[in-house]
Each structure stands twice: as structure tokens, then as C-alpha cells.
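A.B. asks: What follows is the file upload-v6.cif, containing mmCIF, C-alpha atoms:
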data_protein
#
loop_
_atom_site.group_PDB
_atom_site.id
_atom_site.type_symbol
_atom_site.label_atom_id
_atom_site.label_comp_id
_atom_site.auth_asym_id
_atom_site.auth_seq_id
_atom_site.Cartn_x
_atom_site.Cartn_y
_atom_site.Cartn_z
ATOM 1 C CA MET A 149 101.077 118.227 -81.201
ATOM 2 C CA GLY A 150 101.135 118.009 -77.397
ATOM 3 C CA TRP A 151 103.582 119.719 -75.053
ATOM 4 C CA ASP A 152 106.423 119.857 -77.587
ATOM 5 C CA ARG A 153 104.171 122.040 -79.732
ATOM 6 C CA ALA A 154 102.740 123.862 -76.716
ATOM 7 C CA GLY A 155 106.249 124.410 -75.374
ATOM 8 C CA SER A 156 107.390 126.070 -78.590
ATOM 9 C CA GLU A 157 104.216 128.183 -78.628
ATOM 10 C CA LEU A 158 104.919 129.301 -75.060
ATOM 11 C CA THR A 159 108.452 130.265 -76.088
ATOM 12 C CA GLU A 160 107.078 132.345 -78.950
ATOM 13 C CA LEU A 161 104.816 134.109 -76.436
ATOM 14 C CA GLN A 162 107.876 134.720 -74.236
ATOM 15 C CA ILE A 163 106.439 132.540 -71.492
ATOM 16 C CA GLU A 164 108.889 130.371 -69.576
ATOM 17 C CA PRO A 165 107.130 127.670 -67.530
ATOM 18 C CA GLN A 166 108.351 127.829 -63.939
ATOM 19 C CA ARG A 167 108.820 124.324 -62.602
ATOM 20 C CA GLN A 168 107.849 123.584 -59.036
ATOM 21 C CA PRO A 169 108.333 120.341 -57.090
ATOM 22 C CA TRP A 170 105.299 118.383 -56.020
ATOM 23 C CA PRO A 171 104.264 119.629 -52.549
ATOM 24 C CA ASP A 172 104.740 116.254 -50.841
ATOM 25 C CA GLU A 173 106.719 113.079 -51.397
ATOM 26 C CA ARG A 174 105.275 109.600 -50.924
ATOM 27 C CA MET A 175 101.891 110.921 -51.954
ATOM 28 C CA VAL A 176 99.326 109.381 -54.298
ATOM 29 C CA TYR A 177 96.756 111.470 -56.160
ATOM 30 C CA LEU A 178 94.075 109.162 -57.560
ATOM 31 C CA THR A 179 92.303 110.749 -60.528
ATOM 32 C CA LEU A 180 89.309 109.591 -62.538
ATOM 33 C CA ASP A 181 88.419 110.562 -66.090
ATOM 34 C CA PHE A 182 84.648 110.213 -65.727
ATOM 35 C CA GLU A 183 83.781 110.011 -69.391
ATOM 36 C CA CYS A 184 82.167 108.057 -72.203
ATOM 37 C CA ASP A 185 83.365 104.483 -72.688
ATOM 38 C CA PHE A 186 86.893 104.342 -74.123
ATOM 39 C CA GLY A 187 87.118 108.064 -74.758
ATOM 40 C CA THR A 188 87.589 108.843 -78.442
ATOM 41 C CA ALA A 189 88.213 105.207 -79.438
ATOM 42 C CA LEU A 190 84.521 104.637 -80.255
ATOM 43 C CA THR A 191 82.690 106.442 -83.053
ATOM 44 C CA ARG A 192 79.846 107.574 -80.762
ATOM 45 C CA ASN A 193 79.552 108.300 -77.055
ATOM 46 C CA VAL A 194 78.321 105.353 -74.996
ATOM 47 C CA TYR A 195 77.971 105.336 -71.203
ATOM 48 C CA GLU A 196 77.775 101.679 -70.173
ATOM 49 C CA ALA A 197 80.760 101.798 -67.817
ATOM 50 C CA VAL A 198 79.058 104.311 -65.513
ATOM 51 C CA GLU A 199 77.173 101.306 -64.140
ATOM 52 C CA TYR A 200 80.356 100.502 -62.197
ATOM 53 C CA VAL A 201 80.272 103.722 -60.192
ATOM 54 C CA ASP A 202 78.685 102.077 -57.134
ATOM 55 C CA ASP A 203 81.518 99.555 -56.998
ATOM 56 C CA LEU A 204 84.044 102.361 -57.304
ATOM 57 C CA VAL A 205 82.432 104.240 -54.411
ATOM 58 C CA ASP A 206 82.575 101.073 -52.311
ATOM 59 C CA LEU A 207 86.271 100.664 -53.111
ATOM 60 C CA LEU A 208 87.074 104.289 -52.270
ATOM 61 C CA GLU A 209 85.259 103.991 -48.961
ATOM 62 C CA THR A 210 86.807 100.634 -48.086
ATOM 63 C CA THR A 211 90.348 101.838 -48.793
ATOM 64 C CA GLU A 212 89.681 105.367 -47.458
ATOM 65 C CA THR A 213 90.979 106.922 -50.678
ATOM 66 C CA PRO A 214 90.151 110.478 -51.823
ATOM 67 C CA LEU A 215 89.541 111.073 -55.522
ATOM 68 C CA THR A 216 89.970 113.906 -58.016
ATOM 69 C CA CYS A 217 87.310 113.493 -60.705
ATOM 70 C CA PHE A 218 87.429 115.110 -64.146
ATOM 71 C CA VAL A 219 83.900 114.723 -65.467
ATOM 72 C CA GLN A 220 82.876 114.978 -69.098
ATOM 73 C CA THR A 221 79.952 117.345 -68.677
ATOM 74 C CA GLU A 222 77.751 115.618 -71.255
ATOM 75 C CA LEU A 223 77.506 112.958 -68.556
ATOM 76 C CA LEU A 224 75.647 115.471 -66.388
ATOM 77 C CA ASP A 225 72.850 115.320 -68.956
ATOM 78 C CA GLU A 226 73.063 111.642 -69.908
ATOM 79 C CA ARG A 227 73.617 110.027 -66.499
ATOM 80 C CA PRO A 228 73.342 112.607 -63.708
ATOM 81 C CA GLU A 229 72.455 109.927 -61.151
ATOM 82 C CA ALA A 230 75.896 108.340 -61.607
ATOM 83 C CA VAL A 231 77.573 111.661 -60.858
ATOM 84 C CA GLU A 232 75.381 112.115 -57.798
ATOM 85 C CA ARG A 233 76.326 108.650 -56.558
ATOM 86 C CA LEU A 234 79.998 109.543 -56.732
ATOM 87 C CA ARG A 235 79.222 112.893 -55.163
ATOM 88 C CA GLY A 236 77.723 111.062 -52.193
ATOM 89 C CA CYS A 237 80.901 109.103 -51.452
ATOM 90 C CA SER A 238 81.995 109.374 -47.808
ATOM 91 C CA GLN A 239 85.582 110.014 -48.933
ATOM 92 C CA PRO A 240 86.601 113.413 -50.353
ATOM 93 C CA VAL A 241 85.802 113.641 -54.074
ATOM 94 C CA THR A 242 86.548 116.846 -55.981
ATOM 95 C CA PHE A 243 85.113 117.555 -59.437
ATOM 96 C CA HIS A 244 86.387 119.455 -62.476
ATOM 97 C CA PRO A 245 85.359 119.553 -66.159
ATOM 98 C CA HIS A 246 86.831 117.186 -68.739
ATOM 99 C CA SER A 247 85.385 118.804 -71.902
ATOM 100 C CA HIS A 248 81.717 118.488 -72.859
ATOM 101 C CA THR A 249 81.526 116.095 -75.816
ATOM 102 C CA HIS A 250 84.975 114.461 -75.429
ATOM 103 C CA SER A 251 85.473 114.778 -79.191
ATOM 104 C CA LYS A 252 88.802 114.557 -80.938
ATOM 105 C CA ARG A 253 90.470 117.914 -81.217
ATOM 106 C CA GLU A 254 90.080 118.080 -84.986
ATOM 107 C CA ASN A 255 86.338 117.430 -84.720
ATOM 108 C CA THR A 256 85.383 120.234 -82.348
ATOM 109 C CA SER A 257 86.198 123.733 -81.145
ATOM 110 C CA MET A 258 88.275 124.026 -77.988
ATOM 111 C CA ARG A 259 86.562 127.305 -77.151
ATOM 112 C CA TYR A 260 83.175 125.606 -77.394
ATOM 113 C CA GLU A 261 84.277 122.621 -75.311
ATOM 114 C CA ILE A 262 85.727 124.794 -72.550
ATOM 115 C CA THR A 263 82.859 127.284 -72.497
ATOM 116 C CA ARG A 264 80.099 124.689 -72.689
ATOM 117 C CA SER A 265 81.640 122.373 -70.094
ATOM 118 C CA THR A 266 82.307 125.318 -67.773
ATOM 119 C CA ASP A 267 78.721 126.536 -68.039
ATOM 120 C CA ARG A 268 77.235 123.056 -67.597
ATOM 121 C CA PHE A 269 79.523 122.310 -64.659
ATOM 122 C CA THR A 270 78.560 125.575 -62.945
ATOM 123 C CA GLU A 271 74.862 124.868 -63.445
ATOM 124 C CA PHE A 272 75.126 121.362 -62.010
ATOM 125 C CA PHE A 273 77.476 121.948 -59.075
ATOM 126 C CA ASP A 274 76.413 125.540 -58.334
ATOM 127 C CA ARG A 275 80.014 126.743 -58.258
ATOM 128 C CA SER A 276 82.721 127.729 -60.704
ATOM 129 C CA PRO A 277 85.298 125.072 -61.599
ATOM 130 C CA VAL A 278 88.961 125.433 -60.662
ATOM 131 C CA GLY A 279 90.718 122.807 -62.772
ATOM 132 C CA TYR A 280 90.336 121.317 -66.243
ATOM 133 C CA ARG A 281 91.532 118.258 -68.168
ATOM 134 C CA PHE A 282 91.613 117.988 -71.973
ATOM 135 C CA PRO A 283 90.808 114.686 -73.699
ATOM 136 C CA ASN A 284 93.783 112.565 -74.763
ATOM 137 C CA GLY A 285 96.276 114.846 -73.007
ATOM 138 C CA ASN A 286 96.254 117.107 -76.055
ATOM 139 C CA VAL A 287 96.759 120.635 -74.733
ATOM 140 C CA ARG A 288 98.327 123.635 -76.490
ATOM 141 C CA ALA A 289 99.398 127.123 -75.469
ATOM 142 C CA SER A 290 96.262 128.665 -76.982
ATOM 143 C CA ASP A 291 94.190 126.403 -74.717
ATOM 144 C CA TYR A 292 95.805 127.914 -71.633
ATOM 145 C CA GLN A 293 94.648 131.316 -72.831
ATOM 146 C CA LEU A 294 91.076 130.018 -73.111
ATOM 147 C CA LEU A 295 91.247 128.498 -69.639
ATOM 148 C CA SER A 296 92.587 131.731 -68.227
ATOM 149 C CA GLU A 297 89.718 133.682 -69.787
ATOM 150 C CA GLU A 298 87.248 131.351 -68.034
ATOM 151 C CA GLY A 299 88.960 131.839 -64.673
ATOM 152 C CA TYR A 300 90.626 128.445 -64.325
ATOM 153 C CA GLU A 301 93.526 128.086 -61.926
ATOM 154 C CA PHE A 302 95.041 124.784 -63.083
ATOM 155 C CA ASP A 303 95.078 122.283 -65.909
ATOM 156 C CA ALA A 304 95.818 118.572 -65.434
ATOM 157 C CA SER A 305 96.234 117.268 -68.967
ATOM 158 C CA VAL A 306 99.913 116.726 -69.762
ATOM 159 C CA PHE A 307 101.374 113.233 -69.969
ATOM 160 C CA PRO A 308 105.191 113.660 -69.946
ATOM 161 C CA THR A 309 105.584 110.908 -72.547
ATOM 162 C CA TRP A 310 104.650 110.073 -76.135
ATOM 163 C CA ARG A 311 101.480 108.532 -77.556
ATOM 164 C CA PRO A 312 101.341 108.037 -81.339
ATOM 165 C CA GLY A 313 98.553 109.986 -82.991
ATOM 166 C CA HIS A 314 97.713 111.940 -79.838
ATOM 167 C CA PHE A 315 100.665 113.832 -78.341
ATOM 168 C CA ASN A 316 104.414 114.111 -78.054
ATOM 169 C CA ASN A 317 105.212 115.407 -74.585
ATOM 170 C CA THR A 318 108.722 114.029 -74.282
ATOM 171 C CA GLN A 319 110.022 117.478 -73.318
ATOM 172 C CA ALA A 320 107.308 118.149 -70.748
ATOM 173 C CA PRO A 321 108.198 118.447 -67.055
ATOM 174 C CA ALA A 322 106.976 115.655 -64.778
ATOM 175 C CA VAL A 323 106.379 118.212 -62.017
ATOM 176 C CA PRO A 324 103.896 121.098 -61.743
ATOM 177 C CA THR A 325 104.688 124.209 -63.764
ATOM 178 C CA TYR A 326 103.441 127.738 -63.308
ATOM 179 C CA LEU A 327 102.522 129.747 -66.417
ATOM 180 C CA ASN A 328 102.779 133.316 -65.197
ATOM 181 C CA ARG A 329 101.057 134.999 -68.131
ATOM 182 C CA PHE A 330 97.928 132.935 -67.505
ATOM 183 C CA ASP A 331 98.280 132.652 -63.707
ATOM 184 C CA LEU A 332 97.765 128.947 -64.282
ATOM 185 C CA PHE A 333 99.431 125.781 -63.017
ATOM 186 C CA GLU A 334 99.880 122.678 -65.155
ATOM 187 C CA MET A 335 99.527 119.651 -62.834
ATOM 188 C CA PRO A 336 100.831 116.808 -65.019
ATOM 189 C CA PHE A 337 100.352 113.089 -64.935
ATOM 190 C CA THR A 338 103.332 111.119 -63.660
ATOM 191 C CA VAL A 339 105.281 108.352 -65.392
ATOM 192 C CA LEU A 340 107.202 105.327 -64.192
ATOM 193 C CA SER A 341 110.544 107.059 -64.805
ATOM 194 C CA SER A 342 112.240 109.356 -67.304
ATOM 195 C CA VAL A 343 113.876 106.282 -68.856
ATOM 196 C CA VAL A 344 110.653 104.247 -68.963
ATOM 197 C CA PRO A 345 107.975 106.957 -69.414
ATOM 198 C CA ILE A 346 104.942 104.707 -69.024
ATOM 199 C CA PRO A 347 102.074 106.645 -67.412
ATOM 200 C CA THR A 348 101.132 105.670 -63.872
ATOM 201 C CA ALA A 349 97.631 104.607 -64.807
ATOM 202 C CA LEU A 350 95.419 101.577 -64.327
ATOM 203 C CA SER A 351 95.007 101.119 -68.081
ATOM 204 C CA TYR A 352 98.753 100.513 -68.458
ATOM 205 C CA CYS A 353 98.768 98.161 -65.479
ATOM 206 C CA ARG A 354 96.076 96.144 -67.244
ATOM 207 C CA ILE A 355 97.887 96.175 -70.567
ATOM 208 C CA PHE A 356 101.368 95.294 -69.296
ATOM 209 C CA GLY A 357 100.367 93.321 -66.228
ATOM 210 C CA ARG A 358 102.595 92.450 -63.299
ATOM 211 C CA LEU A 359 105.750 93.742 -64.979
ATOM 212 C CA VAL A 360 104.622 97.379 -64.904
ATOM 213 C CA THR A 361 102.554 97.114 -61.729
ATOM 214 C CA SER A 362 105.486 95.703 -59.744
ATOM 215 C CA ALA A 363 107.890 98.288 -61.166
ATOM 216 C CA LEU A 364 105.463 101.080 -60.299
ATOM 217 C CA LEU A 365 105.144 99.945 -56.703
ATOM 218 C CA ARG A 366 108.828 99.153 -56.177
ATOM 219 C CA ALA A 367 110.650 101.815 -58.161
ATOM 220 C CA GLY A 368 108.064 104.342 -59.309
ATOM 221 C CA PRO A 369 108.017 108.079 -58.612
ATOM 222 C CA SER A 370 107.789 109.325 -55.040
ATOM 223 C CA THR A 371 104.752 111.407 -56.001
ATOM 224 C CA VAL A 372 102.193 109.484 -58.041
ATOM 225 C CA VAL A 373 99.258 110.747 -60.071
ATOM 226 C CA PHE A 374 97.444 107.454 -60.643
ATOM 227 C CA ASN A 375 94.725 107.733 -63.259
ATOM 228 C CA ILE A 376 91.730 105.493 -63.867
ATOM 229 C CA HIS A 377 88.656 105.256 -66.101
ATOM 230 C CA LEU A 378 85.554 103.268 -65.273
ATOM 231 C CA HIS A 379 86.183 101.114 -68.341
ATOM 232 C CA ASP A 380 89.564 100.204 -66.796
ATOM 233 C CA LEU A 381 87.836 98.734 -63.756
ATOM 234 C CA ALA A 382 85.640 96.349 -65.726
ATOM 235 C CA THR A 383 85.177 95.998 -69.466
ATOM 236 C CA PRO A 384 81.705 97.030 -70.693
ATOM 237 C CA THR A 385 80.041 95.310 -73.645
ATOM 238 C CA SER A 386 80.664 98.446 -75.718
ATOM 239 C CA ALA A 387 84.224 97.116 -76.068
ATOM 240 C CA THR A 388 82.973 94.902 -78.903
ATOM 241 C CA ALA A 389 82.809 98.040 -81.076
ATOM 242 C CA LEU A 390 86.475 98.856 -80.499
ATOM 243 C CA PRO A 391 89.111 98.314 -83.196
ATOM 244 C CA PRO A 392 90.721 94.833 -82.924
ATOM 245 C CA LEU A 393 93.913 96.113 -81.276
ATOM 246 C CA TYR A 394 91.992 97.865 -78.508
ATOM 247 C CA GLN A 395 89.848 94.777 -77.994
ATOM 248 C CA ALA A 396 92.976 92.706 -77.550
ATOM 249 C CA LEU A 397 94.443 95.168 -75.057
ATOM 250 C CA TYR A 398 91.259 95.308 -72.993
ATOM 251 C CA SER A 399 91.056 91.517 -72.873
ATOM 252 C CA ARG A 400 94.090 91.492 -70.541
ATOM 253 C CA ASN A 401 93.883 91.491 -66.734
ATOM 254 C CA VAL A 402 90.148 92.065 -66.838
ATOM 255 C CA ASP A 403 89.547 92.428 -63.074
ATOM 256 C CA GLY A 404 90.492 96.071 -62.825
ATOM 257 C CA PHE A 405 88.776 96.498 -59.475
ATOM 258 C CA ALA A 406 90.985 93.856 -57.864
ATOM 259 C CA LEU A 407 94.044 95.376 -59.507
ATOM 260 C CA LEU A 408 93.205 98.882 -58.279
ATOM 261 C CA HIS A 409 92.513 97.597 -54.764
ATOM 262 C CA ASP A 410 95.884 95.855 -54.766
ATOM 263 C CA VAL A 411 97.714 98.982 -55.962
ATOM 264 C CA LEU A 412 96.074 101.249 -53.383
ATOM 265 C CA THR A 413 96.564 98.930 -50.429
ATOM 266 C CA ARG A 414 100.184 98.225 -51.334
ATOM 267 C CA TYR A 415 100.868 101.958 -51.508
ATOM 268 C CA GLN A 416 99.295 102.313 -48.080
ATOM 269 C CA ARG A 417 101.486 99.556 -46.646
ATOM 270 C CA GLN A 418 104.533 101.344 -48.047
ATOM 271 C CA GLY A 419 103.645 104.479 -46.116
ATOM 272 C CA TYR A 420 102.211 106.558 -48.951
ATOM 273 C CA ARG A 421 99.492 109.064 -48.148
ATOM 274 C CA PHE A 422 96.573 110.039 -50.385
ATOM 275 C CA ASP A 423 95.177 113.422 -51.324
ATOM 276 C CA THR A 424 93.481 115.349 -54.146
ATOM 277 C CA ILE A 425 95.047 117.366 -56.949
ATOM 278 C CA ASP A 426 93.096 120.310 -55.530
ATOM 279 C CA SER A 427 95.074 120.079 -52.309
ATOM 280 C CA ALA A 428 98.389 119.986 -54.165
ATOM 281 C CA HIS A 429 97.375 123.013 -56.220
ATOM 282 C CA GLU A 430 96.277 124.953 -53.148
ATOM 283 C CA THR A 431 99.581 124.180 -51.429
ATOM 284 C CA LEU A 432 101.522 125.481 -54.406
ATOM 285 C CA ARG A 433 99.432 128.658 -54.497
ATOM 286 C CA ASN A 434 99.982 129.253 -50.798
ATOM 287 C CA ARG A 435 103.677 128.421 -50.992
ATOM 288 C CA PHE A 436 104.307 130.902 -53.785
ATOM 289 C CA PRO A 437 101.954 133.805 -53.006
ATOM 290 C CA GLY A 438 103.755 136.053 -55.487
ATOM 291 C CA TYR A 439 102.224 134.018 -58.291
ATOM 292 C CA THR A 440 98.610 134.663 -57.380
#
As C-alpha cells, please, write out the structure in this file.
C.D. replies:
Amino acid sequence: MGWDRAGSELTELQIEPQRQPWPDERMVYLTLDFECDFGTALTRNVYEAVEYVDDLVDLLETTETPLTCFVQTELLDERPEAVERLRGCSQPVTFHPHSHTHSKRENTSMRYEITRSTDRFTEFFDRSPVGYRFPNGNVRASDYQLLSEEGYEFDASVFPTWRPGHFNNTQAPAVPTYLNRFDLFEMPFTVLSSVVPIPTALSYCRIFGRLVTSALLRAGPSTVVFNIHLHDLATPTSATALPPLYQALYSRNVDGFALLHDVLTRYQRQGYRFDTIDSAHETLRNRFPGYT
């Protein structure tokens, strides 16, 4: 499962991913998975953590940080006011679908999730989406075909690392790749390093604490896709329904807002700039016009 499987499927289809460097160095792309609490870790979708969206908007505005938001489109029905609050942020916020139900792959149809989330997104935002993100980073070659059929231009799902029970992407590039058959870019997450492939994400900073956070800021990649969830910023009461291991992990470094503020401001002091994944994708398209 994951890129190792997708990579072999692409080979069978005679598709060779064309790697491209990130458009800019010393750049941070902050991304949000705007989804149900704890993703697929709970047995039903709960949306308590969306209550923290006002605090997130305040943080984005205070630190002058743009955001790329991948929204689970069921949220547009359950809590549309939270999406509108984020939409009203004074900093640039771009939106893309992140499935509709956020179900585990084995419990749903990828065609349904893509089609339904695309339709619901278009209804809500009055425009067609450009990018997509699959839950749990679990994307396969057949999914790229579905995205292409719906007119998508990029996917942003691949973690170039390994997560037991979810994906094995140890062979995945840590840079954007162009899939010519689908006219689609994969814009991956980034990791601490190829030797220590811990994702550059707030959840891992909370779990591992200062050790990972300091390493990320001192010796991390020059281009950073830093991912967050609202339940990373503060722990909602729905965490009591998590399995014991998850509860233990989310009991660590509980002030995620302070941690995120520290990460963003330290990047700024180090001379990093901030932008959206949309901007990076557009730069790649313009740089390689033969691909479009």
C-alpha cells in the first residue's frame, strides 16, 4: 500500500514520474487537514476541534502566515460557519478537497469520495478545485486516474516515509513529481531527512517534543511542507474515545498553539519565507510549459 504500491502500478502503466525540485529554497508551506477529530482513529466523525478555528485565524494573522487548507467536504455540511471563518482570514488561505467522509480506504469507494467531495466543494466555493489530498496519505496509481478525470491538477497526499497499517512510501520522492499521463503533479509532504524520515508536522513535534522540533528548525529540509490538524493545536474532549496509545501520544506537549507559534516565528527569524502549495504548483506549471 502507499507509494511503493503506486510506484509499481505506475511502472506497469509505463509511467515514469518526472521529479522536479521545489520552486524555492528556504520556503515553508503551512498546510491544514481540516477534518473530523483525529481522522480515522475514531469510530465515528466528530467535529469538536473546529471550535479552535478562531484561534488559528488569529495566529495566522498575527504571524502573517498563508495557509493551504485541505477540507473534508462533509465539514461543509456539518460546520459551514467554521469554514467561513477560515475563509475570512486576512492572510491568503487556499482550499482544496480532502475526501468527503474521511473513511478508511477499505470502507469506502475512492471514486465516490473524489466525485462527492469535488461536487460539494464546487457547490460551496462556486469554483472547481485544483488540488486534492487523500486521507492517511494512502494514494495509488488508480487514484491519479480518477483525479485526472475530474480535472485535478495536483495531489498532495504522499508522505515519503513509512506508517504501519497506512502506507509504505519509503521509495517516494521528497520533491514534486509530474505524472505525464495524467497531467498531474504530486506535491508531497516533507520529512526531517532521508535518514530520519519523520514528517515535518505539528503532530510529530507534539509526540517527540523538543528533540524533533529543534532538529527540524536546525537541520531540516530547505523547503518545508509543515502540516497541522486542529486537534494538534489543542486536544478536544473527543480524545477520550481514542485507543489508549493515541490518548498517551496526545497527552504530550498539549499547547499546540504555542508550539506552532514558536515554529513559525523561528522559521521567520531564520529567513524563511511562506507561501501556499498552490503557488508552488503554479510555478512548476509555468516553469515547464511543455507539461501542460
A.B. asks: Since I can't run it myself right now, could you work out what the PyMOL selection byres ((chain A and resi 397) around 12) selects here and report it as a list in words?
C.D. replies: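 For this structure, the PyMOL selection byres ((chain A and resi 397) around 12) resolves to Phe186, Ser351, Tyr352, Cys353, Arg354, Ile355, Phe356, Gly357, Asp380, Thr383, Ala387, Leu390, Pro391, Pro392, Leu393, Tyr394, Gln395, Ala396, Tyr398, Ser399, Arg400, Asn401 and Val402 of chain A.
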A.B. asks: Closest to Glu226 in chain A among A:Thr318, A:Asn193, A:Thr210, A:Thr431, using all atoms listed in the file?
C.D. replies: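 Ranked by minimum distance to Glu226 in chain A, first place goes to A:Asn193.
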A.B. asks: Kindly give the distance, in Å, that separates CA of Ser238 in chain A and CA of Leu208 in chain A, rounded to a single decimal.
C.D. replies: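 Between these atoms lies a distance of 8.5 Å.
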A.B. asks: Mind checking which residues fall within 10 Å of Val411 in chain A, counting all atoms listed in the file, ignoring those fewer than 2 positions away in the same chain, and posting them as JSON, numbers by chain?
C.D. replies: {"A": [350, 353, 361, 362, 364, 365, 374, 405, 406, 407, 408, 409, 413, 414, 415, 416]}
A.B. asks: Restricted to C-alpha atoms, what would the selected residues look like written as a PDB file, in the coordinates of the input?
C.D. replies:
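Output (selection-v3.pdb):
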ATOM      1  CA  LEU A 350      95.419 101.577 -64.327  1.00  0.00           C
ATOM      2  CA  CYS A 353      98.768  98.161 -65.479  1.00  0.00           C
ATOM      3  CA  THR A 361     102.554  97.114 -61.729  1.00  0.00           C
ATOM      4  CA  SER A 362     105.486  95.703 -59.744  1.00  0.00           C
ATOM      5  CA  LEU A 364     105.463 101.080 -60.299  1.00  0.00           C
ATOM      6  CA  LEU A 365     105.144  99.945 -56.703  1.00  0.00           C
ATOM      7  CA  PHE A 374      97.444 107.454 -60.643  1.00  0.00           C
ATOM      8  CA  PHE A 405      88.776  96.498 -59.475  1.00  0.00           C
ATOM      9  CA  ALA A 406      90.985  93.856 -57.864  1.00  0.00           C
ATOM     10  CA  LEU A 407      94.044  95.376 -59.507  1.00  0.00           C
ATOM     11  CA  LEU A 408      93.205  98.882 -58.279  1.00  0.00           C
ATOM     12  CA  HIS A 409      92.513  97.597 -54.764  1.00  0.00           C
ATOM     13  CA  THR A 413      96.564  98.930 -50.429  1.00  0.00           C
ATOM     14  CA  ARG A 414     100.184  98.225 -51.334  1.00  0.00           C
ATOM     15  CA  TYR A 415     100.868 101.958 -51.508  1.00  0.00           C
ATOM     16  CA  GLN A 416      99.295 102.313 -48.080  1.00  0.00           C
TER      17      GLN A 416
END
A.B. asks: Extract, using all atoms listed in the file, all DNA, RNA and protein residues at most 12 Å from Arg259 in chain A, discarding same-chain residues fewer than 6 positions from it, and format them as a list in words.
C.D. replies: Ser247, His248, Arg253, Ser265, Thr266, Phe282, Ser290, Asp291, Tyr292, Gln293, Leu294, Leu295, Ser296, Glu297 and Glu298 of chain A
A.B. asks: In terms of the shortest atom-to-atom distance over all atoms listed in the file, which of A:Asp274, A:Glu196, A:Glu164, A:Glu334 is closest to Phe243 in chain A?
C.D. replies: A:Asp274
A.B. asks: Given the file shown, determine the residues that the PyMOL selection byres ((chain A and resi 236) around 12) selects; report them as a list in words.
C.D. replies: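 Selected by the PyMOL selection byres ((chain A and resi 236) around 12) in this file: Val201, Asp202, Leu204, Val205, Asp206, Leu208, Glu209, Glu229, Ala230, Val231, Glu232, Arg233, Leu234, Arg235, Cys237, Ser238, Gln239, Pro240, Val241 and Thr242 of chain A.
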A.B. asks: Would you mind telling me which residue in A:Cys217, A:Ala304, A:Met175, A:Leu223 lies nearest to Phe422 in chain A when using all atoms listed in the file?
C.D. replies: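 Closest to Phe422 in chain A, using all atoms listed in the file: A:Met175.
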A.B. asks: Provide the CA of Arg268 in chain A to CA of Thr216 in chain A distance in Å, to one decimal place.
C.D. replies: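 Computing the Euclidean distance for CA of Arg268 in chain A and CA of Thr216 in chain A yields 18.4 Å.
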A.B. asks: Just to confirm, what's the straight-line distance from CA of His429 in chain A to CA of Tyr300 in chain A in Å (one decimal)?
C.D. replies: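 Separation between CA of His429 in chain A and CA of Tyr300 in chain A: 11.9 Å.
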A.B. asks: Return as a ChimeraX atom specification the set of residues that the PyMOL selection byres ((chain A and resi 172) around 9) yields on the displayed structure.
C.D. replies: /A:169-171,173-175,370-371,428
A.B. asks: Find the residues around Pro369 in chain A up to 8 Å (only C-alpha atoms counted), leave out those fewer than 5 positions away in its own chain, and share them as a CSV table (one decimal) with C-alpha atoms, keeping the file's coordinate frame.
C.D. replies:
chain,number,residue,atom,x,y,z
A,338,THR,CA,103.3,111.1,-63.7
A,339,VAL,CA,105.3,108.4,-65.4
A,340,LEU,CA,107.2,105.3,-64.2
A,341,SER,CA,110.5,107.1,-64.8
A,364,LEU,CA,105.5,101.1,-60.3
A.B. asks: For a quick check of understanding, using only C-alpha atoms, which of A:Gly419, A:Glu199, A:Ile262, A:Asn286 has the smallest distance to Pro312 in chain A?
C.D. replies: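 The shortest atom-to-atom distance to Pro312 in chain A comes from A:Asn286.
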A.B. asks: Asp303 in chain A: which residues within 12 Å, counting only C-alpha atoms, same-chain residues fewer than 4 positions away excluded, as a ChimeraX atom specification?
C.D. replies: /A:218,244-247,262,277-283,285-289,291-296,299,307,324-327,330-337,425-426,429
A.B. asks: With all atoms listed in the file counted, which protein, DNA or RNA residues have an atom no more than 6 Å from (83.8, 100.5, -69.6) in the file frame? Please answer as a PyMOL selection string.
C.D. replies: chain A and resi 185+197+378-379+382-384
A.B. asks: Counting all atoms listed in the file, which of A:Leu359, A:Ala322, A:Cys184, A:Val373 gets nearest to Thr309 in chain A?
C.D. replies: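 Using all atoms listed in the file, Thr309 in chain A sits closest to A:Ala322.
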